[in-house]
Each structure stands twice: as C-alpha cells, then as structure tokens.
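Participant: Input file: query_38.tsv. Contents: TSV, C-alpha atoms.
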chain	number	residue	atom	x	y	z
G	1	MET	CA	77.08	3.84	26.60
G	2	SER	CA	78.50	3.32	30.08
G	3	CYS	CA	78.79	-0.09	31.72
G	4	ILE	CA	75.97	-1.03	34.08
G	5	LEU	CA	78.44	-2.82	36.35
G	6	ASP	CA	80.44	0.40	36.70
G	7	ARG	CA	83.10	-0.24	39.35
G	8	ASN	CA	82.34	-3.95	39.43
G	9	LYS	CA	83.00	-4.48	35.76
G	10	PRO	CA	85.38	-7.32	34.83
G	11	ASP	CA	89.11	-6.83	34.95
G	12	TRP	CA	89.68	-6.80	31.20
G	13	LYS	CA	93.44	-6.57	31.46
G	14	ALA	CA	93.52	-9.72	33.57
G	15	TYR	CA	91.21	-11.32	31.02
G	16	ALA	CA	93.43	-10.37	28.06
G	17	LEU	CA	96.55	-11.47	29.93
G	18	GLY	CA	95.11	-14.89	30.71
G	19	GLU	CA	94.97	-14.31	34.44
G	20	MET	CA	91.24	-14.76	34.93
G	21	ALA	CA	89.77	-17.93	36.41
G	22	PRO	CA	87.71	-19.95	33.87
G	23	ALA	CA	84.35	-19.42	35.62
G	24	VAL	CA	84.84	-15.66	35.94
G	25	ARG	CA	86.09	-15.60	32.40
G	26	ARG	CA	82.86	-17.06	31.03
G	27	GLU	CA	80.80	-14.52	32.97
G	28	ALA	CA	82.96	-11.71	31.65
G	29	GLU	CA	82.52	-12.91	28.07
G	30	THR	CA	78.76	-12.97	28.47
G	31	HIS	CA	78.85	-9.45	29.82
G	32	ALA	CA	81.16	-8.13	27.09
G	33	SER	CA	78.83	-9.40	24.37
G	34	ALA	CA	76.13	-7.11	25.73
G	35	CYS	CA	78.19	-4.11	26.90
G	36	GLN	CA	79.70	-1.78	24.32
G	37	GLU	CA	82.00	-0.02	26.78
G	38	CYS	CA	83.50	-3.25	28.05
G	39	HIS	CA	83.71	-4.63	24.53
G	40	ALA	CA	85.67	-1.54	23.45
G	41	GLU	CA	87.94	-1.68	26.46
G	42	LEU	CA	88.75	-5.33	25.85
G	43	ALA	CA	89.40	-4.65	22.17
G	44	ALA	CA	91.75	-1.76	22.98
G	45	THR	CA	93.69	-3.89	25.46
G	46	ARG	CA	94.00	-6.69	22.92
G	47	ILE	CA	95.20	-4.33	20.20
G	48	THR	CA	97.84	-2.93	22.56
G	49	LEU	CA	99.02	-6.42	23.46
G	50	ASP	CA	99.09	-7.40	19.78
G	51	ALA	CA	101.21	-4.35	19.03
G	52	LEU	CA	103.57	-5.24	21.86
G	53	SER	CA	103.93	-8.73	20.47
G	54	THR	CA	105.48	-7.32	17.28
G	55	LEU	CA	108.63	-6.36	19.16
G	56	ARG	CA	111.26	-8.62	17.72
G	57	GLU	CA	113.48	-10.69	19.93
G	58	GLU	CA	117.11	-9.66	19.62
G	59	GLU	CA	119.78	-12.16	18.72
G	60	MET	CA	122.67	-12.32	21.13
G	61	PRO	CA	125.88	-10.66	19.91
G	62	ARG	CA	127.71	-13.75	21.06
G	63	ARG	CA	126.99	-16.81	23.10
G	64	ILE	CA	127.68	-16.73	26.80
G	65	ALA	CA	131.08	-18.23	27.43
G	66	PHE	CA	130.70	-20.29	30.49
G	67	VAL	CA	132.09	-22.81	32.87
G	68	SER	CA	134.22	-25.05	30.68
G	69	ASP	CA	137.04	-23.68	32.80
G	70	LYS	CA	138.16	-26.16	35.46
G	71	VAL	CA	138.21	-23.39	38.04
G	72	PHE	CA	134.43	-23.43	38.12
G	73	GLU	CA	134.14	-27.14	38.57
G	74	PRO	CA	133.34	-28.31	42.07
G	75	ARG	CA	135.79	-30.56	43.85
G	76	TRP	CA	135.19	-34.26	43.52
G	77	TRP	CA	133.82	-34.42	47.06
G	78	GLN	CA	131.31	-31.70	46.26
G	79	ARG	CA	129.78	-33.82	43.58
G	80	PHE	CA	128.20	-36.31	45.96
G	81	SER	CA	125.76	-33.78	47.32
G	82	PRO	CA	125.33	-30.08	46.72
G	83	ARG	CA	125.06	-29.41	50.46
G	84	PHE	CA	127.86	-31.63	51.58
G	85	SER	CA	130.09	-29.76	53.99
G	86	PHE	CA	133.85	-29.64	53.63
G	87	ALA	CA	134.35	-31.36	56.99
G	88	GLY	CA	131.86	-34.09	56.10
G	89	ALA	CA	133.53	-34.61	52.76
G	90	GLY	CA	136.91	-34.80	54.47
G	91	LEU	CA	135.68	-37.45	56.89
G	92	VAL	CA	134.17	-39.54	54.13
G	93	ALA	CA	137.33	-39.22	52.05
G	94	ALA	CA	139.42	-40.41	55.01
G	95	ALA	CA	137.07	-43.35	55.57
G	96	ILE	CA	137.23	-44.24	51.90
G	97	LEU	CA	141.02	-44.26	51.90
G	98	VAL	CA	141.03	-46.71	54.82
G	99	HIS	CA	138.23	-49.00	53.76
G	100	ALA	CA	137.96	-48.61	50.02
G	101	PHE	CA	139.58	-51.89	49.14
G	102	VAL	CA	138.49	-53.82	52.23
G	103	ARG	CA	134.70	-53.75	52.35
G	104	PRO	CA	131.74	-52.03	50.70
G	105	ILE	CA	131.19	-48.43	51.65
G	106	SER	CA	128.09	-47.33	53.49
G	107	VAL	CA	127.58	-43.63	53.09
G	108	PRO	CA	124.58	-42.13	54.88
G	109	MET	CA	123.00	-40.51	51.88
G	110	ALA	CA	119.48	-41.58	51.21
G	111	SER	CA	119.19	-39.72	47.97
G	112	GLN	CA	121.84	-41.74	46.10
G	113	ASN	CA	122.20	-45.35	45.10
G	114	PRO	CA	124.86	-46.89	47.41
G	115	ALA	CA	126.31	-49.16	44.73
G	116	ALA	CA	126.59	-46.34	42.23
G	117	LEU	CA	128.03	-44.10	44.91
G	118	GLU	CA	130.61	-46.71	45.85
G	119	THR	CA	131.65	-47.12	42.24
G	120	GLN	CA	131.84	-43.37	41.83
G	121	ILE	CA	133.87	-42.96	45.01
G	122	ARG	CA	136.25	-45.79	44.09
G	123	ALA	CA	136.77	-44.36	40.64
G	124	GLN	CA	137.42	-40.92	42.03
G	125	VAL	CA	139.77	-42.12	44.75
G	126	GLN	CA	141.68	-44.23	42.26
G	127	SER	CA	141.77	-41.32	39.91
G	128	GLN	CA	143.12	-39.05	42.68
G	129	ILE	CA	145.72	-41.59	43.74
G	130	GLY	CA	146.73	-42.21	40.11
G	131	ALA	CA	147.06	-38.49	39.52
G	132	GLU	CA	149.19	-38.10	42.67
G	133	ILE	CA	151.44	-41.00	41.69
G	134	ASP	CA	151.81	-39.61	38.19
G	135	ARG	CA	152.72	-36.25	39.62
G	136	GLN	CA	155.34	-37.66	41.97
G	137	VAL	CA	156.82	-39.92	39.28
G	138	GLN	CA	157.03	-36.99	36.91
G	139	GLN	CA	158.75	-34.92	39.58
G	140	ARG	CA	161.30	-37.65	40.34
G	141	VAL	CA	161.99	-38.35	36.68
G	142	ALA	CA	162.45	-34.65	36.06
G	143	ALA	CA	164.83	-34.36	39.05
G	144	GLN	CA	166.87	-37.42	38.01
G	145	LEU	CA	167.02	-36.26	34.42
G	146	SER	CA	168.17	-32.83	35.51
G	147	SER	CA	170.85	-34.34	37.76
G	148	ALA	CA	172.09	-36.68	35.00
G	149	ILE	CA	172.31	-33.84	32.51
G	150	GLU	CA	174.21	-31.66	34.97
G	151	SER	CA	176.64	-34.46	35.76
G	152	ALA	CA	177.27	-35.21	32.07
G	153	VAL	CA	177.86	-31.55	31.31
G	154	THR	CA	180.33	-31.21	34.21
G	155	LYS	CA	182.21	-34.31	33.08
G	156	ALA	CA	182.37	-33.12	29.49
G	157	VAL	CA	183.64	-29.69	30.54
G	158	ALA	CA	186.36	-31.24	32.75
G	159	GLU	CA	187.44	-33.57	29.95
G	160	THR	CA	187.65	-30.69	27.51
G	161	GLN	CA	189.62	-28.57	29.96
G	162	LYS	CA	192.05	-31.44	30.57
G	163	GLN	CA	192.58	-31.98	26.83
G	164	GLU	CA	193.06	-28.27	26.28
G	165	GLY	CA	195.65	-28.17	29.10
G	166	GLU	CA	197.67	-31.04	27.63
G	167	ARG	CA	197.56	-29.49	24.20
G	168	THR	CA	198.75	-26.13	25.58
G	169	VAL	CA	201.67	-27.81	27.36
G	170	LYS	CA	202.70	-29.60	24.13
G	171	LEU	CA	202.46	-26.39	22.13
G	172	LEU	CA	204.54	-24.51	24.69
G	173	ALA	CA	207.20	-27.26	24.69
G	174	ALA	CA	207.36	-27.25	20.89
G	175	ALA	CA	207.61	-23.45	20.85
G	176	GLU	CA	210.45	-23.49	23.40
G	177	ARG	CA	212.27	-26.14	21.39
G	178	ARG	CA	211.91	-24.13	18.18
G	179	TYR	CA	213.07	-20.98	20.04
G	180	ALA	CA	216.13	-22.81	21.38
G	181	GLU	CA	216.99	-24.13	17.92
G	182	SER	CA	216.57	-20.66	16.38
G	183	ALA	CA	218.76	-19.13	19.09
G	184	ASP	CA	221.46	-21.74	18.48
G	185	ILE	CA	221.45	-21.10	14.70
G	186	LEU	CA	221.57	-17.34	15.32
G	187	ASN	CA	224.56	-17.75	17.66
G	188	LYS	CA	226.38	-19.82	15.08
G	189	GLN	CA	225.71	-17.27	12.32
G	190	VAL	CA	226.88	-14.40	14.57
G	191	GLY	CA	230.06	-16.36	15.41
G	192	LEU	CA	230.75	-17.09	11.73
G	193	MET	CA	230.30	-13.42	10.71
G	194	TYR	CA	232.63	-12.33	13.51
G	195	ALA	CA	235.27	-14.81	12.37
G	196	MET	CA	235.03	-13.69	8.79
G	197	ASN	CA	235.34	-10.02	9.71
G	198	THR	CA	238.26	-10.46	12.03
G	199	GLY	CA	240.09	-13.10	9.98
G	200	ALA	CA	240.21	-15.34	12.93
G	201	GLY	CA	238.84	-18.16	10.92
G	202	ALA	CA	241.62	-17.78	8.24
G	203	ARG	CA	244.46	-18.09	10.71
U	1	MET	CA	106.54	-25.85	28.64
U	2	ILE	CA	106.06	-28.91	30.87
U	3	PHE	CA	108.64	-30.87	28.86
U	4	ARG	CA	111.00	-27.95	29.15
U	5	GLU	CA	110.57	-27.92	32.92
U	6	VAL	CA	111.22	-31.64	33.14
U	7	GLU	CA	114.38	-31.31	31.07
U	8	ASP	CA	115.51	-28.29	33.09
U	9	ARG	CA	115.00	-30.27	36.27
U	10	ASP	CA	117.19	-33.06	34.92
U	11	LEU	CA	119.89	-30.62	33.81
U	12	ILE	CA	119.80	-28.84	37.17
U	13	ALA	CA	120.25	-32.15	39.01
U	14	LYS	CA	123.24	-33.01	36.82
U	15	ALA	CA	124.74	-29.52	37.13
U	16	ARG	CA	124.47	-29.81	40.91
U	17	GLN	CA	126.56	-32.96	40.74
U	18	GLY	CA	129.24	-31.03	38.93
U	19	GLU	CA	128.41	-31.80	35.30
U	20	VAL	CA	129.49	-28.58	33.69
U	21	GLU	CA	128.14	-29.59	30.31
U	22	ALA	CA	124.66	-29.96	31.79
U	23	TYR	CA	124.90	-26.41	33.08
U	24	ASN	CA	126.18	-25.16	29.74
U	25	LEU	CA	123.13	-26.73	28.14
U	26	LEU	CA	120.92	-25.01	30.68
U	27	VAL	CA	122.61	-21.70	29.84
U	28	SER	CA	122.03	-22.23	26.14
U	29	ARG	CA	118.32	-22.82	26.79
U	30	TRP	CA	117.84	-19.62	28.79
U	31	GLU	CA	120.48	-17.16	27.63
U	32	LYS	CA	118.42	-15.56	24.88
U	33	ARG	CA	115.43	-14.91	27.14
U	34	ILE	CA	117.60	-13.50	29.89
U	35	PHE	CA	119.56	-11.41	27.41
U	36	ASN	CA	116.40	-9.91	25.88
U	37	TYR	CA	114.89	-9.22	29.28
U	38	LEU	CA	118.07	-7.42	30.39
U	39	LEU	CA	118.44	-5.65	27.06
U	40	ARG	CA	114.99	-4.07	27.39
U	41	LEU	CA	115.86	-2.94	30.89
U	42	VAL	CA	119.34	-1.52	30.34
U	43	SER	CA	118.99	-0.60	26.63
U	44	ASN	CA	122.54	-1.54	25.74
U	45	ARG	CA	123.59	-4.78	24.07
U	46	GLU	CA	127.07	-5.05	25.58
U	47	ASP	CA	125.85	-4.22	29.07
U	48	ALA	CA	123.01	-6.69	28.68
U	49	LEU	CA	125.48	-9.34	27.60
U	50	ASP	CA	127.82	-8.65	30.53
U	51	LEU	CA	124.89	-8.76	32.92
U	52	SER	CA	123.69	-12.03	31.37
U	53	GLN	CA	127.11	-13.50	31.98
U	54	ASP	CA	126.96	-12.37	35.62
U	55	VAL	CA	123.46	-13.77	36.01
U	56	PHE	CA	124.49	-17.24	34.86
U	57	LEU	CA	127.63	-17.20	36.95
U	58	LYS	CA	125.65	-16.28	40.06
U	59	ALA	CA	123.01	-18.85	39.22
U	60	TYR	CA	125.72	-21.51	38.95
U	61	GLN	CA	127.26	-20.53	42.25
U	62	ASN	CA	123.88	-20.53	43.97
U	63	LEU	CA	122.40	-23.57	42.28
U	64	PRO	CA	122.66	-25.62	45.49
U	65	LYS	CA	120.43	-23.05	47.18
U	66	LEU	CA	117.60	-23.53	44.68
U	67	ASP	CA	115.02	-25.35	46.81
U	68	ASP	CA	112.60	-26.33	44.06
U	69	PRO	CA	114.14	-27.01	40.62
U	70	GLY	CA	110.61	-26.65	39.21
U	71	ARG	CA	110.84	-22.93	40.06
U	72	PHE	CA	114.06	-22.45	38.15
U	73	ALA	CA	112.65	-19.80	35.77
U	74	PRO	CA	111.36	-17.36	38.44
U	75	TRP	CA	114.51	-17.98	40.46
U	76	LEU	CA	116.75	-17.21	37.48
U	77	PHE	CA	114.77	-14.09	36.60
U	78	ARG	CA	114.96	-12.99	40.23
U	79	ILE	CA	118.76	-13.05	39.90
U	80	ALA	CA	118.51	-11.19	36.60
U	81	HIS	CA	116.19	-8.61	38.17
U	82	ASN	CA	118.65	-8.02	41.03
U	83	GLU	CA	121.56	-7.68	38.63
U	84	ALA	CA	119.68	-5.30	36.35
U	85	PHE	CA	118.43	-3.03	39.11
U	86	SER	CA	121.77	-3.01	40.84
U	87	TRP	CA	123.27	-1.92	37.50
U	88	LEU	CA	120.57	0.70	36.97
U	89	ARG	CA	121.17	2.14	40.43
U	90	ARG	CA	124.88	2.40	39.74
U	91	LYS	CA	124.43	3.93	36.33
U	92	ARG	CA	121.51	6.19	37.13
U	93	PRO	CA	121.82	7.90	40.50
U	94	GLU	CA	118.52	9.18	41.88
U	95	THR	CA	119.61	12.78	41.49
U	96	GLU	CA	119.99	12.32	37.78
U	97	LEU	CA	116.89	13.02	35.72
U	98	ALA	CA	115.96	10.00	33.68
U	99	GLU	CA	115.82	10.65	30.00
U	100	GLU	CA	112.36	10.08	28.70
U	101	PRO	CA	112.42	9.46	24.99
U	102	ARG	CA	109.22	10.10	23.18
U	103	PRO	CA	107.71	7.38	21.03
U	104	ALA	CA	108.25	7.73	17.35
U	105	ASN	CA	105.08	9.00	15.73
U	106	LEU	CA	105.17	6.79	12.70
U	107	GLY	CA	101.52	7.04	11.84
U	108	ALA	CA	98.94	4.37	11.30
U	109	ARG	CA	99.10	1.26	9.09
U	110	MET	CA	102.70	0.55	9.83
U	111	MET	CA	104.79	-2.28	8.57
U	112	PRO	CA	105.58	-4.83	11.29
U	113	ILE	CA	109.18	-3.63	11.55
U	114	GLU	CA	108.02	-0.02	11.96
U	115	LEU	CA	105.48	-1.04	14.57
U	116	SER	CA	108.21	-2.98	16.34
U	117	LEU	CA	110.34	0.16	16.47
U	118	ALA	CA	107.40	2.17	17.74
U	119	VAL	CA	106.87	-0.38	20.51
U	120	GLU	CA	110.57	-0.24	21.37
U	121	SER	CA	110.34	3.52	21.72
U	122	ALA	CA	107.09	3.37	23.65
U	123	LEU	CA	108.58	0.98	26.17
U	124	LYS	CA	111.22	3.56	26.97
U	125	ILE	CA	108.54	5.97	28.19
U	126	LEU	CA	107.79	3.65	31.07
U	127	SER	CA	109.58	3.69	34.38
U	128	ASP	CA	111.99	0.82	35.00
U	129	ASP	CA	109.49	-0.90	37.29
U	130	GLN	CA	106.63	-0.56	34.81
U	131	ARG	CA	108.76	-1.72	31.89
U	132	GLU	CA	109.98	-4.71	33.84
U	133	ALA	CA	106.40	-5.70	34.66
U	134	VAL	CA	105.54	-5.62	30.94
U	135	LEU	CA	108.65	-7.60	30.05
U	136	LEU	CA	107.94	-10.33	32.58
U	137	LYS	CA	104.26	-10.65	31.71
U	138	VAL	CA	103.98	-9.95	27.99
U	139	TYR	CA	107.35	-11.21	26.76
U	140	GLN	CA	108.29	-13.84	29.32
U	141	GLY	CA	104.78	-15.10	30.10
U	142	PHE	CA	105.10	-15.27	33.87
U	143	LYS	CA	102.00	-15.45	36.06
U	144	PHE	CA	101.26	-12.68	38.53
U	145	ASP	CA	102.39	-14.77	41.51
U	146	GLU	CA	105.68	-15.66	39.76
U	147	MET	CA	106.23	-11.99	38.99
U	148	ALA	CA	105.62	-11.16	42.64
U	149	GLU	CA	108.26	-13.74	43.54
U	150	ILE	CA	110.76	-12.35	41.05
U	151	LEU	CA	110.17	-8.74	42.02
U	152	ASP	CA	109.81	-9.52	45.71
U	153	CYS	CA	106.61	-7.51	46.08
U	154	PRO	CA	102.89	-8.19	46.53
U	155	VAL	CA	100.74	-9.30	43.58
U	156	SER	CA	98.73	-6.10	43.95
U	157	THR	CA	101.89	-4.06	43.29
U	158	VAL	CA	102.67	-6.18	40.25
U	159	LYS	CA	99.18	-5.61	38.85
U	160	SER	CA	99.29	-1.91	39.58
U	161	ARG	CA	102.60	-1.46	37.75
U	162	LEU	CA	101.51	-3.59	34.82
U	163	TYR	CA	98.09	-2.00	34.39
U	164	THR	CA	99.51	1.52	34.56
U	165	ALA	CA	102.13	0.52	32.02
U	166	LEU	CA	99.51	-0.92	29.65
U	167	ASP	CA	97.45	2.28	29.87
U	168	LEU	CA	100.51	4.36	29.07
U	169	LEU	CA	101.42	2.10	26.19
U	170	LYS	CA	97.90	2.18	24.81
U	171	THR	CA	98.05	5.97	24.69
U	172	ALA	CA	101.57	6.07	23.28
U	173	LEU	CA	100.86	3.52	20.59
U	174	ALA	CA	97.44	4.83	19.62
U	175	PRO	CA	98.70	6.71	16.54
U	176	SER	CA	100.42	3.58	15.37
U	177	ILE	CA	97.67	1.06	16.01
U	178	LEU	CA	94.44	2.88	15.39
U	179	PRO	CA	92.31	1.36	12.63
U	180	LYS	CA	92.38	3.00	9.20
U	181	GLU	CA	88.88	4.40	9.65
U	182	ALA	CA	89.83	6.13	12.86
U	183	VAL	CA	92.92	7.66	11.21
U	184	ARG	CA	90.81	8.95	8.32
U	185	GLY	CA	88.32	10.35	10.80
U	186	GLN	CA	91.08	12.21	12.61
U	187	SER	CA	92.59	13.76	9.49
Now that the file is in, can you turn its structure into structure tokens?
Facilitator:
Amino acid sequence: MSCILDRNKPDWKAYALGEMAPAVRREAETHASACQECHAELAATRITLDALSTLREEEMPRRIAFVSDKVFEPRWWQRFSPRFSFAGAGLVAAAILVHAFVRPISVPMASQNPAALETQIRAQVQSQIGAEIDRQVQQRVAAQLSSAIESAVTKAVAETQKQEGERTVKLLAAAERRYAESADILNKQVGLMYAMNTGAGAR
Amino acid sequence: MIFREVEDRDLIAKARQGEVEAYNLLVSRWEKRIFNYLLRLVSNREDALDLSQDVFLKAYQNLPKLDDPGRFAPWLFRIAHNEAFSWLRRKRPETELAEEPRPANLGARMMPIELSLAVESALKILSDDQREAVLLKVYQGFKFDEMAEILDCPVSTVKSRLYTALDLLKTALAPSILPKEAVRGQS
C-alpha cells in the first residue's frame, strides 16, 4: 500500500536521526501508525542504524604524546592573553621592570583580575630575573673554576719540570764524577802493568 | 554532554593561558573520538594516529583563534576533516581508481562481532564524503548544522550525502540484517 502523502510524506531518516522538530515528530508518528509504507520505511531505517551502531570503537594503539615539551609552551608574556601581541607584551614587560617594586601595576585588561595579574606578573618577573642571575652566576663560577684549574695545572707542571731538571743535573754530575774516578783507576792500572812489563818499577 | 562542554570550556581557558596539562587533559578526552573518526576515513591505524597527532598539534597552535569555546567539538572535527581530506588527496590522486571493496556477505542472524565486520566492510563501499557524513552523524552525534560547519557546506548537501549513504548501507547490509523470516522466505 502506497503512502497517501506521497511526496509530502515525513522525512523518516531525519526522524530516526533525531533531527525532526517535536511538533512535526508527533504528526509523523500519528501518520506512521496508519501508513504501512511509512511504517516499513521507518523500520528499515532504524534497523540500518541499529546495525551501524554495532561497529565497535577501536582502541588507540598508543596515547597521543603531546605538549609536555617546553618548546610548545607559550612565553610567559603570552600567558596573560591569547591575543596579546609581541610588541604589547614587550611594552608591558618594560613597564613592569621599571615599576614592579614601586607601585601597583595597572594593566588594561578587563578580562583578568588586576590583583591576580599583578601577583602573576611579579612572580614571573622575579622568576625571570632569578633565572638570569642564576645563569650569570653559574657562568662566572664556571669561568673562575676553569681559570683556577688551568693555573694550578700550569704551576704543577712547572714545579715538576724544575725538579726533573735539578735531578738530571745531579745525575749528570754524579756520572761525570764516577767516569773521572774510573778513568783515574784505569790510568793507574795501565801505568802499573807497563812498569811491571818493562821492569821500570824494579829498578 | 553539557557537563563535558563546561569542563572543556574550563580546560580550553586554562590551555590558552599556557597550562599544558590542561591541554593534555583535553587531548585525552577527545583523542579516541578523533582517532576513530580518522581511522574510518583513512582505514589505517598508524596513519590515523599520525593524523590525530597533527590534529591536536594544529588545534593547540590555533586555540587562540577559537572564538566560541562552546563550539570546540565542531571546530576540532573541522581540523580533523581538513587533515583527513588533505591526506586522502595526497594518497589518492584523482586519476587513480578508488578501490571499492564489496561488503562481506555473512548471511543473516549474525553474531554482533560478525555484524560489526559487515558494517565495517559496508562503510568502505561509500565515497569518502558519504562515509564522513555517516561518521559525523551516526558515530559522533553531530547535528546537521554542526556537520555543515565541519564540512563547510550547506545543510542540504550534508543531508543529501547522508541520506544517499544510508540508502546504500541499507542495501549492502540487507543480507546481514534481514529478519529470520525474510531469510527463510528467500531461500
């Protein structure tokens, strides 16, 4: 049996998908209870949607690794407002550096609490300054330490070289002395042998 | 859903102020939905995962441009849609004939897992546009106007794609979902 509404019959897909306005929906339900064709069409659409709903949701192979990396973090000045320009942030930062410890800050941002903003800005400026000081101190300490080590090594090498030199001189002197003594003994022995052979010693 | 929106709004506000953990929480709330949406479009788990990663990175970078945090879901899916279709264009040039797998004819009275597989196959018969319309409506529960926003097209186009897709799916799934009596009558 064909639908008496023909082309004006309710949009059963919209009905099944929950996209029909409540008033129209009630009218459609009344019609479907009396129209076999529409009833069948609605049933078929519902069965199809039920079948589609059996598709299981896939588990992710692994979680999305995201922005724990510092590279992704916005700069401290970007945190005040998502649309804060670089120049604006620079100006505010300069103003903060001058006035931070003198008087309360008045930043023209209606969307944030001024007191909280001031606290946040102070904390961030102090944190920046602290980090800069730490960096410079670390650099200086490293430079001084490096210089001290180099100096100590140079001194130790010179000391060692000096000691080695003195020791070499002593060894050379002792060797020359022993050589001179050996040469003297050898001369005496040669002289004695000559005397014995020639009989010069007996006369 | 309303509570979820409220919490999302709060997380978005915090993420905009640079709280990375708030954004990570936002990612953990949406990653599975985005992943499944992309998976059904690109049909590859690793590609879907890579695309999901790109989607959340782009969303993070563009978070300041989100005018209404209450529209986060359509906005996020719009990014996902752009990523997916950009990927599909790269991977499937227009000259290439799209492979059209046929649905598995598993017969009537299936087990849920078998029916699920039949649905998975049947979805692959659809064009990318039609399949996406089904995914956004049936699996993600978006309204027609939200789908139009995501797909950047009129509501009439959304309805046309979706209705055609449902007709195709009804035909493709008929052997799997017909009542027992009808199957007996056919045999």
Participant: List as an MDAnalysis selection string: which residues have an atom within 12 Å of (81.8, -4.4, 29.8), counting all atoms listed in the file?
Facilitator: chainID G and resid 1:13 15 27:43
Participant: For the residues in that selection, give me C-alpha atoms as a PDB file, keeping the file's coordinate frame.
Facilitator:
ATOM      1  CA  MET G   1      77.080   3.840  26.600  1.00  0.00           C
ATOM      2  CA  SER G   2      78.500   3.320  30.080  1.00  0.00           C
ATOM      3  CA  CYS G   3      78.790  -0.090  31.720  1.00  0.00           C
ATOM      4  CA  ILE G   4      75.970  -1.030  34.080  1.00  0.00           C
ATOM      5  CA  LEU G   5      78.440  -2.820  36.350  1.00  0.00           C
ATOM      6  CA  ASP G   6      80.440   0.400  36.700  1.00  0.00           C
ATOM      7  CA  ARG G   7      83.100  -0.240  39.350  1.00  0.00           C
ATOM      8  CA  ASN G   8      82.340  -3.950  39.430  1.00  0.00           C
ATOM      9  CA  LYS G   9      83.000  -4.480  35.760  1.00  0.00           C
ATOM     10  CA  PRO G  10      85.380  -7.320  34.830  1.00  0.00           C
ATOM     11  CA  ASP G  11      89.110  -6.830  34.950  1.00  0.00           C
ATOM     12  CA  TRP G  12      89.680  -6.800  31.200  1.00  0.00           C
ATOM     13  CA  LYS G  13      93.440  -6.570  31.460  1.00  0.00           C
ATOM     14  CA  TYR G  15      91.210 -11.320  31.020  1.00  0.00           C
ATOM     15  CA  GLU G  27      80.800 -14.520  32.970  1.00  0.00           C
ATOM     16  CA  ALA G  28      82.960 -11.710  31.650  1.00  0.00           C
ATOM     17  CA  GLU G  29      82.520 -12.910  28.070  1.00  0.00           C
ATOM     18  CA  THR G  30      78.760 -12.970  28.470  1.00  0.00           C
ATOM     19  CA  HIS G  31      78.850  -9.450  29.820  1.00  0.00           C
ATOM     20  CA  ALA G  32      81.160  -8.130  27.090  1.00  0.00           C
ATOM     21  CA  SER G  33      78.830  -9.400  24.370  1.00  0.00           C
ATOM     22  CA  ALA G  34      76.130  -7.110  25.730  1.00  0.00           C
ATOM     23  CA  CYS G  35      78.190  -4.110  26.900  1.00  0.00           C
ATOM     24  CA  GLN G  36      79.700  -1.780  24.320  1.00  0.00           C
ATOM     25  CA  GLU G  37      82.000  -0.020  26.780  1.00  0.00           C
ATOM     26  CA  CYS G  38      83.500  -3.250  28.050  1.00  0.00           C
ATOM     27  CA  HIS G  39      83.710  -4.630  24.530  1.00  0.00           C
ATOM     28  CA  ALA G  40      85.670  -1.540  23.450  1.00  0.00           C
ATOM     29  CA  GLU G  41      87.940  -1.680  26.460  1.00  0.00           C
ATOM     30  CA  LEU G  42      88.750  -5.330  25.850  1.00  0.00           C
ATOM     31  CA  ALA G  43      89.400  -4.650  22.170  1.00  0.00           C
TER      32      ALA G  43
END
Participant: If we count all atoms listed in the file and set the cut-off at 12 Å, which residues sit around U:Lys14, ignoring sequence neighbours fewer than 3 positions away in its own chain? Please answer as a PyMOL selection string.
Facilitator: (chain G and resi 79-82) or (chain U and resi 7-11+17-26+60+63-64+69)
Participant: So the first atom is atom CA of U:Val42 and the second is atom CA of U:Phe144; what is the distance between them in Å, to one decimal place?
Facilitator: 22.8 Å
Participant: If you measure from atom CA of U:Lys137 to atom CA of U:Ser28, what distance in Å do you get, rounded to one decimal?
Facilitator: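 Computing it gives 21.9 Å between the two atoms.
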Participant: Rounded to one decimal, what separation in Å do you get between atom CA of U:Glu120 and atom CA of U:Lys91?
Facilitator: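 Atom CA of U:Lys91 lies at a distance of 20.8 Å from atom CA of U:Glu120.
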Participant: Out of G:Ser53, G:Glu19, G:Arg177, G:Leu186, which residue has the shortest atom-to-atom distance to U:Val134 when counting only C-alpha atoms?
Facilitator: G:Ser53
Participant: If we count all atoms listed in the file, what is near G:Glu59 at a cut-off of 10 Å, once residues fewer than 5 positions away on the same chain are taken out, given as a PDB file with C-alpha atoms, keeping the file's coordinate frame?
Facilitator:
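Saved result, selection28.pdb, follows:
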ATOM      1  CA  LYS U  32     118.420 -15.560  24.880  1.00  0.00           C
ATOM      2  CA  ARG U  33     115.430 -14.910  27.140  1.00  0.00           C
ATOM      3  CA  PHE U  35     119.560 -11.410  27.410  1.00  0.00           C
ATOM      4  CA  ASN U  36     116.400  -9.910  25.880  1.00  0.00           C
ATOM      5  CA  ARG U  45     123.590  -4.780  24.070  1.00  0.00           C
TER       6      ARG U  45
END
Participant: Go through G:Met60, G:Val24, G:Ala123, G:Ile185 and flag the residue nearest chain U, using only C-alpha atoms for the distances.
Facilitator: G:Met60
Participant: From the options U:Lys58, U:Arg161, U:Lys124, U:Lys143, which residue's atoms come nearest to chain G, counting all atoms listed in the file?
Facilitator: U:Lys143
Participant: Using all atoms listed in the file, pick whichever of G:Thr54, G:Gln189, G:Thr48, G:Thr154 has the shortest atom-to-atom distance to U:Ile113.
Facilitator: G:Thr54
Participant: Check the smallest atom-to-atom distance from each of G:Ile133, G:Thr119, G:Ser147, G:Ala16 to G:Arg46 using all atoms listed in the file, then report the winner.
Facilitator: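 Going through G:Ile133, G:Thr119, G:Ser147, G:Ala16 one by one, the smallest distance to G:Arg46 is for G:Ala16.
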Participant: Could you check which of G:Thr45, G:Ser146, G:Ser182, G:Gln128 is closest to chain U, using all atoms listed in the file?
Facilitator: G:Thr45
Participant: Excluding U:Leu166 and any residue of its chain fewer than 6 positions from it, enumerate the residues within 12 Å of it, using all atoms listed in the file, and give them as a PyMOL selection string.
Facilitator: (chain G and resi 12-14+16-17+44-52) or (chain U and resi 119+122-123+125-126+130-135+137-138+159-160+172-174)
